[in-house]
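> To be precise about what I am sending: the file is called start_17.csv and holds CSV, C-alpha atoms and all ligand atoms.
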```csv
chain,number,residue,atom,x,y,z
A,1,MET,CA,2.6,18.4,8.0
A,2,THR,CA,3.1,20.4,4.9
A,3,PHE,CA,2.3,19.4,1.4
A,4,LYS,CA,4.1,21.2,-1.4
A,5,PHE,CA,2.7,19.6,-4.5
A,6,ALA,CA,1.7,21.8,-7.4
A,7,ARG,CA,-2.0,21.6,-8.3
A,8,LEU,CA,-1.6,19.0,-10.9
A,9,GLY,CA,-5.2,19.2,-11.8
A,10,ALA,CA,-4.8,22.8,-13.1
A,11,LEU,CA,-3.1,21.6,-16.3
A,12,ALA,CA,-6.3,19.8,-17.4
A,13,VAL,CA,-8.5,22.8,-17.0
A,14,GLY,CA,-9.5,24.6,-20.2
A,15,VAL,CA,-7.9,28.0,-20.8
A,16,ILE,CA,-9.6,31.1,-22.2
A,17,ALA,CA,-7.7,32.3,-25.3
A,18,MET,CA,-7.6,36.0,-26.3
A,19,THR,CA,-10.5,35.4,-28.7
A,20,GLY,CA,-12.7,34.4,-25.8
A,21,VAL,CA,-13.0,30.8,-27.0
A,22,ALA,CA,-12.5,28.2,-24.4
A,23,LEU,CA,-9.7,25.9,-25.5
A,24,THR,CA,-8.9,22.5,-24.0
A,25,PRO,CA,-5.3,21.5,-24.6
A,26,THR,CA,-5.3,18.4,-26.9
A,27,THR,CA,-1.8,17.2,-26.0
A,28,ALA,CA,-0.8,17.0,-22.4
A,29,GLN,CA,2.8,17.9,-21.7
A,30,PRO,CA,4.5,14.8,-20.3
A,31,ARG,CA,5.2,15.6,-16.7
A,32,GLN,CA,8.4,13.8,-15.7
A,33,VAL,CA,7.4,13.8,-12.1
A,34,VAL,CA,6.3,11.2,-9.5
A,35,ASN,CA,4.7,12.2,-6.2
A,36,VAL,CA,5.5,10.1,-3.2
A,37,TYR,CA,3.8,10.1,0.2
A,38,SER,CA,6.6,8.9,2.4
A,39,ALA,CA,6.6,7.9,6.0
A,40,ARG,CA,10.3,7.5,5.9
A,41,THR,CA,11.9,10.3,7.9
A,42,TYR,CA,15.6,9.7,7.2
A,43,GLY,CA,16.3,13.0,5.6
A,44,ALA,CA,13.9,15.3,3.7
A,45,MET,CA,15.0,13.8,0.4
A,46,GLU,CA,16.7,10.4,0.5
A,47,ALA,CA,19.8,10.1,-1.6
A,48,ALA,CA,18.2,7.1,-3.4
A,49,PHE,CA,15.5,9.4,-4.8
A,50,VAL,CA,18.2,11.8,-6.0
A,51,GLU,CA,20.0,8.9,-7.6
A,52,PHE,CA,16.8,7.8,-9.3
A,53,THR,CA,16.2,11.3,-10.8
A,54,GLU,CA,19.8,11.3,-12.0
A,55,GLN,CA,19.4,8.0,-13.8
A,56,THR,CA,15.9,8.5,-15.2
A,57,GLY,CA,15.2,12.3,-15.4
A,58,ILE,CA,12.0,11.7,-13.4
A,59,GLU,CA,11.7,14.2,-10.5
A,60,VAL,CA,10.6,12.7,-7.2
A,61,ARG,CA,8.4,15.0,-5.1
A,62,VAL,CA,8.3,13.7,-1.5
A,63,SER,CA,5.6,14.6,1.0
A,64,GLN,CA,6.4,13.3,4.5
A,65,GLY,CA,4.2,12.3,7.4
A,66,SER,CA,3.7,9.4,9.8
A,67,SER,CA,2.4,6.1,8.3
A,68,GLN,CA,-1.0,6.7,10.0
A,69,ALA,CA,-1.2,10.4,9.0
A,70,LEU,CA,-0.5,9.6,5.4
A,71,LEU,CA,-3.0,6.8,5.4
A,72,GLU,CA,-5.6,9.2,6.8
A,73,ARG,CA,-4.7,11.7,4.0
A,74,LEU,CA,-5.1,9.1,1.3
A,75,ARG,CA,-8.5,8.2,2.7
A,76,ALA,CA,-9.6,11.8,2.8
A,77,GLU,CA,-8.3,12.7,-0.6
A,78,GLY,CA,-9.7,9.6,-2.3
A,79,ALA,CA,-9.5,9.7,-6.1
A,80,GLN,CA,-8.2,13.4,-5.9
A,81,THR,CA,-5.0,12.5,-4.1
A,82,PRO,CA,-1.9,13.9,-5.8
A,83,ALA,CA,0.1,10.9,-4.5
A,84,ASP,CA,1.3,8.3,-7.0
A,85,LEU,CA,3.2,6.1,-4.6
A,86,PHE,CA,2.5,5.4,-0.9
A,87,PHE,CA,5.8,4.6,0.8
A,88,THR,CA,5.5,3.5,4.4
A,89,ILE,CA,7.7,2.1,7.2
A,90,ASP,CA,5.1,-0.5,8.2
A,91,ALA,CA,3.6,-3.5,6.4
A,92,GLY,CA,0.4,-3.3,8.5
A,93,THR,CA,-0.4,0.2,7.2
A,94,LEU,CA,0.2,-0.9,3.6
A,95,ASP,CA,-2.1,-3.8,4.2
A,96,LEU,CA,-4.9,-1.5,5.5
A,97,ALA,CA,-4.4,0.8,2.5
A,98,ALA,CA,-4.7,-2.2,0.1
A,99,GLU,CA,-7.8,-3.5,1.9
A,100,GLU,CA,-9.5,-0.1,1.6
A,101,GLY,CA,-8.9,0.1,-2.2
A,102,LEU,CA,-6.4,2.9,-1.9
A,103,LEU,CA,-3.7,1.0,-3.8
A,104,GLN,CA,-3.9,-0.7,-7.2
A,105,PRO,CA,-2.3,-4.1,-8.0
A,106,LEU,CA,0.7,-4.1,-10.3
A,107,GLU,CA,1.8,-7.1,-12.3
A,108,SER,CA,5.5,-6.3,-12.9
A,109,GLU,CA,7.8,-9.2,-13.8
A,110,THR,CA,10.7,-7.1,-12.7
A,111,ILE,CA,9.3,-6.6,-9.2
A,112,LEU,CA,8.0,-10.1,-8.8
A,113,ALA,CA,11.4,-11.5,-9.7
A,114,ALA,CA,13.1,-9.0,-7.3
A,115,VAL,CA,10.9,-9.3,-4.1
A,116,PRO,CA,10.4,-12.6,-2.4
A,117,GLU,CA,6.8,-13.7,-1.9
A,118,ALA,CA,7.0,-13.4,1.9
A,119,LEU,CA,7.9,-9.7,1.5
A,120,ARG,CA,5.0,-8.5,-0.6
A,121,ASP,CA,1.3,-8.4,-0.8
A,122,ASP,CA,-0.2,-11.7,-2.3
A,123,GLN,CA,-2.5,-9.5,-4.4
A,124,ASN,CA,0.5,-7.3,-5.6
A,125,HIS,CA,-0.9,-4.1,-4.1
A,126,TRP,CA,2.4,-3.3,-2.4
A,127,PHE,CA,5.9,-4.6,-2.2
A,128,GLY,CA,8.6,-4.6,0.5
A,129,ILE,CA,11.6,-2.4,-0.3
A,130,SER,CA,13.8,-2.8,2.8
A,131,GLN,CA,13.7,-5.0,5.9
A,132,ARG,CA,14.0,-3.8,9.5
A,133,LEU,CA,14.2,-6.0,12.6
A,134,ARG,CA,12.9,-4.7,16.0
A,135,THR,CA,15.0,-6.3,18.7
A,136,ILE,CA,16.6,-6.2,22.1
A,137,MET,CA,19.4,-3.8,22.9
A,138,TYR,CA,21.4,-3.7,26.2
A,139,ASN,CA,24.3,-2.0,27.9
A,140,PRO,CA,27.1,-4.7,28.4
A,141,ASP,CA,28.5,-2.7,31.4
A,142,ALA,CA,25.2,-2.9,33.2
A,143,VAL,CA,23.9,-6.3,32.3
A,144,ALA,CA,25.6,-9.5,33.3
A,145,GLU,CA,26.1,-12.1,30.6
A,146,ALA,CA,23.6,-14.5,32.3
A,147,ASP,CA,21.0,-11.8,32.5
A,148,ILE,CA,21.0,-10.7,28.9
A,149,PRO,CA,17.3,-10.9,27.8
A,150,GLN,CA,16.7,-13.3,25.0
A,151,THR,CA,13.0,-12.8,24.2
A,152,TYR,CA,10.5,-9.9,24.2
A,153,ALA,CA,8.9,-11.8,27.1
A,154,ASP,CA,12.1,-11.7,29.1
A,155,LEU,CA,11.7,-8.0,29.4
A,156,THR,CA,8.7,-8.6,31.8
A,157,ASP,CA,11.1,-10.0,34.5
A,158,PRO,CA,10.9,-7.7,37.6
A,159,LYS,CA,14.7,-7.4,37.5
A,160,TRP,CA,14.2,-4.8,34.7
A,161,ASN,CA,12.0,-2.6,36.8
A,162,GLY,CA,13.1,0.9,36.2
A,163,ARG,CA,15.8,-0.3,33.8
A,164,LEU,CA,13.7,-0.6,30.6
A,165,CYS,CA,13.4,2.0,27.7
A,166,LEU,CA,10.5,1.6,25.2
A,167,ARG,CA,8.9,3.6,22.4
A,168,PRO,CA,5.5,5.0,23.2
A,169,ALA,CA,2.3,3.4,21.9
A,170,THR,CA,1.6,6.3,19.5
A,171,HIS,CA,4.4,5.0,17.3
A,172,ILE,CA,3.7,2.5,14.6
A,173,TYR,CA,6.8,0.5,15.6
A,174,THR,CA,5.2,-0.3,19.0
A,175,ILE,CA,1.7,-1.0,17.5
A,176,SER,CA,3.1,-3.4,14.9
A,177,LEU,CA,5.4,-5.3,17.4
A,178,THR,CA,2.4,-5.7,19.7
A,179,ALA,CA,0.2,-6.9,16.7
A,180,ALA,CA,2.8,-9.5,15.9
A,181,LEU,CA,2.7,-10.7,19.5
A,182,VAL,CA,-1.0,-11.1,19.3
A,183,ALA,CA,-0.8,-12.9,16.0
A,184,ASN,CA,1.8,-15.3,17.2
A,185,LEU,CA,0.8,-15.9,20.8
A,186,GLY,CA,-2.8,-15.0,21.0
A,187,GLU,CA,-4.5,-12.1,22.8
A,188,GLU,CA,-4.0,-13.4,26.3
A,189,GLU,CA,-0.3,-14.1,26.2
A,190,ALA,CA,0.4,-10.9,24.2
A,191,ARG,CA,-1.5,-8.9,26.8
A,192,ALA,CA,0.5,-10.5,29.6
A,193,ILE,CA,3.8,-9.6,28.0
A,194,VAL,CA,2.7,-6.0,27.4
A,195,GLN,CA,1.4,-5.8,31.0
A,196,GLY,CA,4.8,-7.2,32.2
A,197,TRP,CA,6.6,-4.4,30.4
A,198,VAL,CA,4.3,-1.8,31.8
A,199,ASP,CA,4.7,-3.1,35.3
A,200,ASN,CA,8.5,-2.6,34.9
A,201,GLN,CA,7.8,1.2,34.7
A,202,PRO,CA,9.6,1.8,31.4
A,203,GLN,CA,10.9,5.1,30.3
A,204,TYR,CA,8.9,5.9,27.2
A,205,ILE,CA,11.2,7.7,24.6
A,206,ASP,CA,9.8,8.6,21.2
A,207,SER,CA,13.0,8.1,19.3
A,208,ASP,CA,14.9,4.8,18.8
A,209,THR,CA,18.1,6.8,18.6
A,210,GLU,CA,17.4,8.4,21.9
A,211,ILE,CA,16.6,5.0,23.4
A,212,LEU,CA,20.0,3.8,22.4
A,213,ARG,CA,21.7,6.9,23.7
A,214,THR,CA,19.9,6.6,27.0
A,215,ILE,CA,21.0,2.9,27.3
A,216,ALA,CA,24.6,4.0,26.5
A,217,ALA,CA,24.5,6.8,29.1
A,218,GLY,CA,23.1,4.5,31.8
A,219,GLY,CA,19.6,6.0,31.9
A,220,CYS,CA,18.3,2.5,31.3
A,221,ASP,CA,20.0,-0.8,30.7
A,222,VAL,CA,17.7,-2.6,28.2
A,223,GLY,CA,15.3,-1.6,25.5
A,224,LEU,CA,13.7,-2.3,22.1
A,225,THR,CA,14.7,-0.6,18.9
A,226,ASN,CA,15.0,-1.2,15.2
A,227,HIS,CA,18.3,-2.7,14.3
A,228,TYR,CA,19.5,0.1,11.9
A,229,TYR,CA,19.5,2.8,14.6
A,230,LEU,CA,22.4,1.0,16.3
A,231,ALA,CA,24.2,0.6,13.0
A,232,ARG,CA,23.8,4.3,12.4
A,233,LEU,CA,25.3,5.1,15.8
A,234,ARG,CA,28.1,2.6,15.3
A,235,ASN,CA,28.9,4.1,12.0
A,236,GLU,CA,29.5,7.5,13.8
A,237,ASP,CA,31.3,5.9,16.7
A,238,PRO,CA,32.6,2.3,16.4
A,239,ALA,CA,32.9,2.0,20.2
A,240,PHE,CA,29.2,3.0,20.8
A,241,PRO,CA,28.6,0.9,23.9
A,242,VAL,CA,25.3,-0.8,23.2
A,243,MET,CA,25.0,-4.4,22.1
A,244,PRO,CA,22.2,-6.1,20.1
A,245,VAL,CA,20.5,-9.4,20.8
A,246,TRP,CA,18.3,-11.0,18.1
A,247,ALA,CA,15.1,-11.7,20.1
A,248,ASN,CA,13.2,-15.0,20.2
A,249,GLN,CA,15.9,-17.3,18.7
A,250,GLY,CA,15.1,-20.4,20.8
A,251,ASP,CA,13.7,-23.6,19.4
A,252,GLU,CA,10.2,-22.8,20.8
A,253,ASP,CA,10.4,-19.1,20.0
A,254,THR,CA,8.8,-17.4,17.0
A,255,GLY,CA,11.8,-15.5,15.8
A,256,VAL,CA,12.7,-11.8,15.8
A,257,PHE,CA,10.0,-9.4,14.6
A,258,ARG,CA,10.5,-8.2,11.1
A,259,ASN,CA,8.8,-5.2,9.5
A,260,LEU,CA,9.2,-3.7,6.1
A,261,SER,CA,9.5,-0.4,4.5
A,262,GLY,CA,7.4,-0.8,1.4
A,263,ALA,CA,5.3,0.9,-1.2
A,264,GLY,CA,2.3,0.6,-3.5
A,265,ILE,CA,0.9,2.6,-6.4
A,266,THR,CA,-2.2,4.6,-5.4
A,267,ALA,CA,-5.5,3.6,-7.0
A,268,ASN,CA,-5.8,6.7,-9.2
A,269,ALA,CA,-2.1,7.6,-9.7
A,270,ILE,CA,-1.8,10.5,-12.2
A,271,ASN,CA,1.8,9.7,-13.0
A,272,TYR,CA,1.3,6.0,-13.2
A,273,ASP,CA,4.1,5.1,-15.6
A,274,ASN,CA,6.6,7.1,-13.6
A,275,ALA,CA,5.4,5.4,-10.4
A,276,VAL,CA,5.9,2.0,-12.0
A,277,THR,CA,9.4,3.0,-13.1
A,278,LEU,CA,10.3,4.2,-9.6
A,279,LEU,CA,8.9,1.1,-7.9
A,280,GLU,CA,10.8,-1.2,-10.3
A,281,TRP,CA,13.9,0.9,-9.7
A,282,LEU,CA,13.5,0.7,-5.9
A,283,VAL,CA,13.7,-3.1,-5.8
A,284,THR,CA,16.6,-3.4,-8.3
A,285,GLU,CA,19.2,-0.6,-8.6
A,286,GLY,CA,17.6,1.1,-5.6
A,287,GLN,CA,18.6,-1.9,-3.4
A,288,ALA,CA,22.2,-0.7,-3.3
A,289,ALA,CA,24.2,-1.2,-0.1
A,290,ASP,CA,25.6,2.4,-0.2
A,291,GLU,CA,23.6,5.6,0.2
A,292,THR,CA,22.3,5.5,-3.4
A,293,GLY,CA,20.0,2.6,-2.3
A,294,ILE,CA,17.1,2.7,0.1
A,295,PRO,CA,18.5,-0.1,2.3
A,296,GLY,CA,22.1,1.1,2.2
A,297,GLY,CA,21.1,4.7,2.9
A,298,ASN,CA,19.5,3.7,6.2
A,299,TYR,CA,21.4,0.5,7.3
A,300,GLU,CA,18.4,-1.7,6.5
A,301,PHE,CA,18.5,-5.1,4.9
A,302,PRO,CA,17.6,-5.3,1.2
A,303,VAL,CA,14.5,-7.3,0.1
A,304,ASN,CA,16.1,-8.4,-3.1
A,305,PRO,CA,18.2,-11.5,-2.4
A,306,GLU,CA,20.6,-10.5,-5.2
A,307,ALA,CA,21.4,-7.3,-3.4
A,308,GLU,CA,24.5,-6.8,-1.3
A,309,VAL,CA,24.2,-6.3,2.4
A,310,LEU,CA,26.1,-3.4,3.9
A,311,PRO,CA,29.3,-4.9,5.5
A,312,LEU,CA,28.8,-2.9,8.7
A,313,LEU,CA,25.5,-4.7,9.2
A,314,THR,CA,27.1,-8.1,8.9
A,315,GLU,CA,29.9,-6.9,11.3
A,316,ILE,CA,27.4,-5.9,14.0
A,317,PHE,CA,24.6,-8.4,13.6
A,318,GLY,CA,26.2,-11.4,11.8
A,319,ASP,CA,24.7,-13.0,8.7
A,320,LEU,CA,20.9,-12.5,8.3
A,321,ALA,CA,20.7,-16.0,6.9
A,322,ASP,CA,21.5,-17.3,10.3
A,323,VAL,CA,18.7,-15.4,12.1
A,324,LYS,CA,15.3,-16.9,12.9
A,325,ILE,CA,12.8,-14.4,11.7
A,326,ASP,CA,9.1,-14.3,12.7
A,327,PRO,CA,7.4,-16.4,10.0
A,328,LEU,CA,4.1,-14.5,10.2
A,329,PRO,CA,3.3,-13.3,6.7
A,330,VAL,CA,3.8,-9.6,6.8
A,331,VAL,CA,0.5,-9.1,4.9
A,332,GLU,CA,-1.3,-10.1,8.2
A,333,TYR,CA,0.1,-7.4,10.4
A,334,GLY,CA,-2.7,-4.9,9.6
A,335,ASP,CA,-5.4,-7.3,10.8
A,336,TYR,CA,-4.0,-7.2,14.4
A,337,GLN,CA,-3.3,-3.4,14.8
A,338,ASP,CA,-6.7,-2.6,16.4
A,339,GLU,CA,-6.4,-5.4,18.9
A,340,ALA,CA,-2.8,-4.3,19.6
A,341,LEU,CA,-4.0,-0.7,20.3
A,342,ILE,CA,-6.6,-1.9,22.7
A,343,ILE,CA,-4.1,-4.0,24.6
A,344,LEU,CA,-1.7,-1.0,24.8
A,345,GLU,CA,-4.4,1.2,26.1
A,346,GLU,CA,-5.8,-1.2,28.6
A,347,THR,CA,-2.5,-2.2,30.1
A,348,GLY,CA,-1.6,1.4,30.7
A,349,TYR,CA,1.3,1.4,28.2
A,350,GLY,CA,2.6,4.9,27.7
A,351,PHE,CA,1.2,7.0,24.8
B,401,FE,FE,12.9,4.2,11.7
```
So, in terms of structure tokens, how does the structure I just supplied come out?
Ligand SMILES: [Fe+2]

Amino acid sequence: MTFKFARLGALAVGVIAMTGVALTPTTAQPRQVVNVYSARTYGAMEAAFVEFTEQTGIEVRVSQGSSQALLERLRAEGAQTPADLFFTIDAGTLDLAAEEGLLQPLESETILAAVPEALRDDQNHWFGISQRLRTIMYNPDAVAEADIPQTYADLTDPKWNGRLCLRPATHIYTISLTAALVANLGEEEARAIVQGWVDNQPQYIDSDTEILRTIAAGGCDVGLTNHYYLARLRNEDPAFPVMPVWANQGDEDTGVFRNLSGAGITANAINYDNAVTLLEWLVTEGQAADETGIPGGNYEFPVNPEAEVLPLLTEIFGDLADVKIDPLPVVEYGDYQDEALIILEETGYGF
């Protein structure tokens, strides 16, 4: 991982003038910059950030890494971090950052009006920016109508032995989905489901796109991925031969697992005002359904109920309003991550 930020602290250091007298600048130059630690890996610079700079003149400097690696970095850097905004692909990681004092609360009427309560921290340390659903994908040529799995637990059926593709446990998507199972079903039942997946000898593939391509090519018949990877492939090829199922829609079921990409302002943000401006923009103009918005640029669902949903998403997945979504408050995901990791390790899930 590389970090390309300028040494922002250098500007505050006194300079030695020709006379030999130490001078401290009395007026700081306004730096129209905002530094973002981003776990989003959908292009080095997302088009939405470019759009933001065009609209506001504030340059966005992005430093990328996994959610966990960036959290580690924030911990290590403490008050010295150059990051103003922590932008992750996982509510659990934001929750941990908030609990550890790495984020500061923000009372912004703009943001509170734009982001529904269920999609933000109840203490306003972080806010959802886009929604992603992790669900079941299958190959309709290889799976008979009556066999189509309807729940995460259905993938434990021995009929999927050797036919299942999953993301390894090193990835936050797997950890958070498992954490949600623990939160909803309890440790024992969650462990039984994970064990059932493991017993079906899955192929572990560390890319949701590759999981979908493998299903399409007949390398496996069913799998779990985030919804937008299918939308991306369908955008390239409308006949891409993988079908989605919203998981856990039955009366007794908990609903499909939702995660958020979201962001919070770091506790000691140097470019605080610019970070606020960016965050407010991300949940308003930045909700656009084309590539100038965060959801539109990656086929995600907006958090702002006023925002349009990309028509391709509705075409593939139907109306989100008709989908039963896991009601677990996203702020609770972080609390179950440790337990999830233990289950993944002890059941022999692939890392
Ligand atoms: Fe992703």
> Could you check which of A:Gln201, A:Thr135, A:Gln195, A:Ser261 is closest to ligand FE 401 (chain B), using all atoms listed in the file?
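The closest residue to ligand FE 401 (chain B) is A:Ser261.
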> Show me, as JSON lines, the residues of chain A having an atom within 10 Å of ligand FE 401 (chain B), each with the closest atom pair and its distance in Å, using only C-alpha atoms and all ligand atoms.

```
{"residue": "A:Ala39", "atom": "CA", "partner": "B:FE401", "partner_atom": "FE", "distance": 9.3}
{"residue": "A:Arg40", "atom": "CA", "partner": "B:FE401", "partner_atom": "FE", "distance": 7.2}
{"residue": "A:Thr41", "atom": "CA", "partner": "B:FE401", "partner_atom": "FE", "distance": 7.3}
{"residue": "A:Tyr42", "atom": "CA", "partner": "B:FE401", "partner_atom": "FE", "distance": 7.6}
{"residue": "A:Ile89", "atom": "CA", "partner": "B:FE401", "partner_atom": "FE", "distance": 7.2}
{"residue": "A:Asp90", "atom": "CA", "partner": "B:FE401", "partner_atom": "FE", "distance": 9.8}
{"residue": "A:Arg132", "atom": "CA", "partner": "B:FE401", "partner_atom": "FE", "distance": 8.4}
{"residue": "A:Arg134", "atom": "CA", "partner": "B:FE401", "partner_atom": "FE", "distance": 9.9}
{"residue": "A:Ile172", "atom": "CA", "partner": "B:FE401", "partner_atom": "FE", "distance": 9.8}
{"residue": "A:Tyr173", "atom": "CA", "partner": "B:FE401", "partner_atom": "FE", "distance": 8.1}
{"residue": "A:Ser207", "atom": "CA", "partner": "B:FE401", "partner_atom": "FE", "distance": 8.5}
{"residue": "A:Asp208", "atom": "CA", "partner": "B:FE401", "partner_atom": "FE", "distance": 7.4}
{"residue": "A:Thr209", "atom": "CA", "partner": "B:FE401", "partner_atom": "FE", "distance": 9.0}
{"residue": "A:Thr225", "atom": "CA", "partner": "B:FE401", "partner_atom": "FE", "distance": 8.8}
{"residue": "A:Asn226", "atom": "CA", "partner": "B:FE401", "partner_atom": "FE", "distance": 6.8}
{"residue": "A:His227", "atom": "CA", "partner": "B:FE401", "partner_atom": "FE", "distance": 9.1}
{"residue": "A:Tyr228", "atom": "CA", "partner": "B:FE401", "partner_atom": "FE", "distance": 7.8}
{"residue": "A:Tyr229", "atom": "CA", "partner": "B:FE401", "partner_atom": "FE", "distance": 7.3}
{"residue": "A:Ser261", "atom": "CA", "partner": "B:FE401", "partner_atom": "FE", "distance": 9.2}
{"residue": "A:Asn298", "atom": "CA", "partner": "B:FE401", "partner_atom": "FE", "distance": 8.6}
{"residue": "A:Glu300", "atom": "CA", "partner": "B:FE401", "partner_atom": "FE", "distance": 9.6}
```
> For CA of Gly219 in chain A and CA of Thr170 in chain A, quote the distance in Å rounded to one decimal.
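Value for the CA of Gly219 in chain A-CA of Thr170 in chain A distance: 21.9 Å.
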> Provide the CA of Val242 in chain A to CA of Thr347 in chain A distance in Å, to one decimal place.
28.7 Å
> Quick one: residues within 9 Å of Gly334 in chain A, all atoms listed in the file counted, chain neighbours fewer than 4 positions away excluded, as a PyMOL selection string?
chain A and resi 91-96+176+179+330+338
> List as number ranges by chain the residues having at least one atom at most 12 Å from position (-4.0, 9.1, -2.3) as given in the file, counting only C-alpha atoms.
A: 35-38, 63, 69-87, 97-98, 100-104, 264-270
> Enter the distance from CA of Trp197 in chain A to CA of Tyr138 in chain A, in Å, rounded to one decimal.
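So the answer is 15.4 Å.
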> In terms of the shortest atom-to-atom distance over only C-alpha atoms, which of A:Gly186, A:Asn271, A:Met45, A:Arg234 is closest to Val33 in chain A?
A:Asn271
> Tell me, as a list in words, which residues lie within 8 Å of range 278-293 of chain A, counting only C-alpha atoms; anything in the same chain fewer than 5 positions away does not count.
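Residues meeting the cut-off are Ala47, Ala48, Phe49, Val50, Glu51, Phe52, Ser108, Thr110, Ile111, Ala114, Val115, Ile129, Ser130, Ala263, Gly264, Asn298, Pro302, Val303, Asn304, Ala307, Glu308, Val309 and Leu310 of chain A.
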> Could you tell me which of A:Leu312, A:Val143, A:Ile175, A:Val60 comes closest to Gly218 in chain A if we count only C-alpha atoms?
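Distance minimum relative to Gly218 in chain A lands on A:Val143.
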> Using only C-alpha atoms, pick whichever of A:Leu233, A:Leu313, A:Ile343, A:Ala247 has the shortest atom-to-atom distance to Leu212 in chain A.
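Checking each candidate against Leu212 in chain A, we get A:Leu233 as the closest.
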> Which of these, A:Ser67, A:Ala190, A:Ile136, A:Ala146, has the shortest distance to Leu341 in chain A once you count all atoms listed in the file?
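Among A:Ser67, A:Ala190, A:Ile136, A:Ala146, it is A:Ala190 that comes nearest to Leu341 in chain A.
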> Is it possible to get the axis-aligned box enclosing range 129-132 of chain A (all listed atoms, 8 Å extra per side) as lines of an AutoDock Vina configuration file, with centre and edge lengths in Å rounded to one decimal?

```
center_x = 12.8
center_y = -3.7
center_z = 4.6
size_x = 18.4
size_y = 18.6
size_z = 25.8
```
> Might you pull out every residue within 7 Å of range 116-123 of chain A, with only C-alpha atoms counted and same-chain residues fewer than 4 positions away left off, and present them as a list of chain:residue names?
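Here the qualifying residues turn out to be A:Pro105, A:Phe127, A:Gly128, A:Pro329, A:Val330, A:Val331.
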> I want to know what sits within 12 Å of Ala239 in chain A, based on all atoms listed in the file, with residues of the same chain fewer than 6 positions away left out; could you give that as a list in words?
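That gives Ala216, Leu230, Ala231, Leu233 and Ile316 of chain A.
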> Complete range 256-271 of chain A at the level of N, CA and C atoms, written as a JSON list (two decimals), in the coordinates of the input.

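Produced file part_33.json, reproduced below:
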```json
[["chain", "number", "residue", "atom", "x", "y", "z"],
["A", 256, "VAL", "N", 12.68, -13.24, 15.60],
["A", 256, "VAL", "CA", 12.70, -11.80, 15.80],
["A", 256, "VAL", "C", 11.65, -11.14, 14.88],
["A", 257, "PHE", "N", 11.07, -10.05, 15.37],
["A", 257, "PHE", "CA", 10.00, -9.40, 14.60],
["A", 257, "PHE", "C", 10.57, -8.57, 13.45],
["A", 258, "ARG", "N", 10.04, -8.87, 12.26],
["A", 258, "ARG", "CA", 10.50, -8.20, 11.10],
["A", 258, "ARG", "C", 9.37, -7.25, 10.56],
["A", 259, "ASN", "N", 9.73, -6.05, 10.23],
["A", 259, "ASN", "CA", 8.80, -5.20, 9.50],
["A", 259, "ASN", "C", 9.44, -4.77, 8.20],
["A", 260, "LEU", "N", 8.65, -4.12, 7.36],
["A", 260, "LEU", "CA", 9.20, -3.70, 6.10],
["A", 260, "LEU", "C", 8.91, -2.23, 5.87],
["A", 261, "SER", "N", 9.82, -1.60, 5.16],
["A", 261, "SER", "CA", 9.50, -0.40, 4.50],
["A", 261, "SER", "C", 9.06, -0.81, 3.12],
["A", 262, "GLY", "N", 7.94, -0.33, 2.65],
["A", 262, "GLY", "CA", 7.40, -0.80, 1.40],
["A", 262, "GLY", "C", 6.54, 0.23, 0.72],
["A", 263, "ALA", "N", 6.12, -0.07, -0.50],
["A", 263, "ALA", "CA", 5.30, 0.90, -1.20],
["A", 263, "ALA", "C", 4.37, 0.26, -2.20],
["A", 264, "GLY", "N", 3.31, 1.01, -2.51],
["A", 264, "GLY", "CA", 2.30, 0.60, -3.50],
["A", 264, "GLY", "C", 1.87, 1.79, -4.30],
["A", 265, "ILE", "N", 1.34, 1.54, -5.49],
["A", 265, "ILE", "CA", 0.90, 2.60, -6.40],
["A", 265, "ILE", "C", -0.57, 2.95, -5.99],
["A", 266, "THR", "N", -0.87, 4.23, -5.86],
["A", 266, "THR", "CA", -2.20, 4.60, -5.40],
["A", 266, "THR", "C", -3.23, 4.28, -6.54],
["A", 267, "ALA", "N", -4.48, 4.12, -6.12],
["A", 267, "ALA", "CA", -5.50, 3.60, -7.00],
["A", 267, "ALA", "C", -5.72, 4.51, -8.25],
["A", 268, "ASN", "N", -5.51, 5.81, -8.09],
["A", 268, "ASN", "CA", -5.80, 6.70, -9.20],
["A", 268, "ASN", "C", -4.50, 7.50, -9.59],
["A", 269, "ALA", "N", -3.35, 6.88, -9.47],
["A", 269, "ALA", "CA", -2.10, 7.60, -9.70],
["A", 269, "ALA", "C", -2.10, 8.33, -11.05],
["A", 270, "ILE", "N", -1.83, 9.63, -10.99],
["A", 270, "ILE", "CA", -1.80, 10.50, -12.20],
["A", 270, "ILE", "C", -0.54, 10.12, -13.03],
["A", 271, "ASN", "N", 0.57, 10.03, -12.32],
["A", 271, "ASN", "CA", 1.80, 9.70, -13.00],
["A", 271, "ASN", "C", 2.16, 8.24, -12.90]]
```
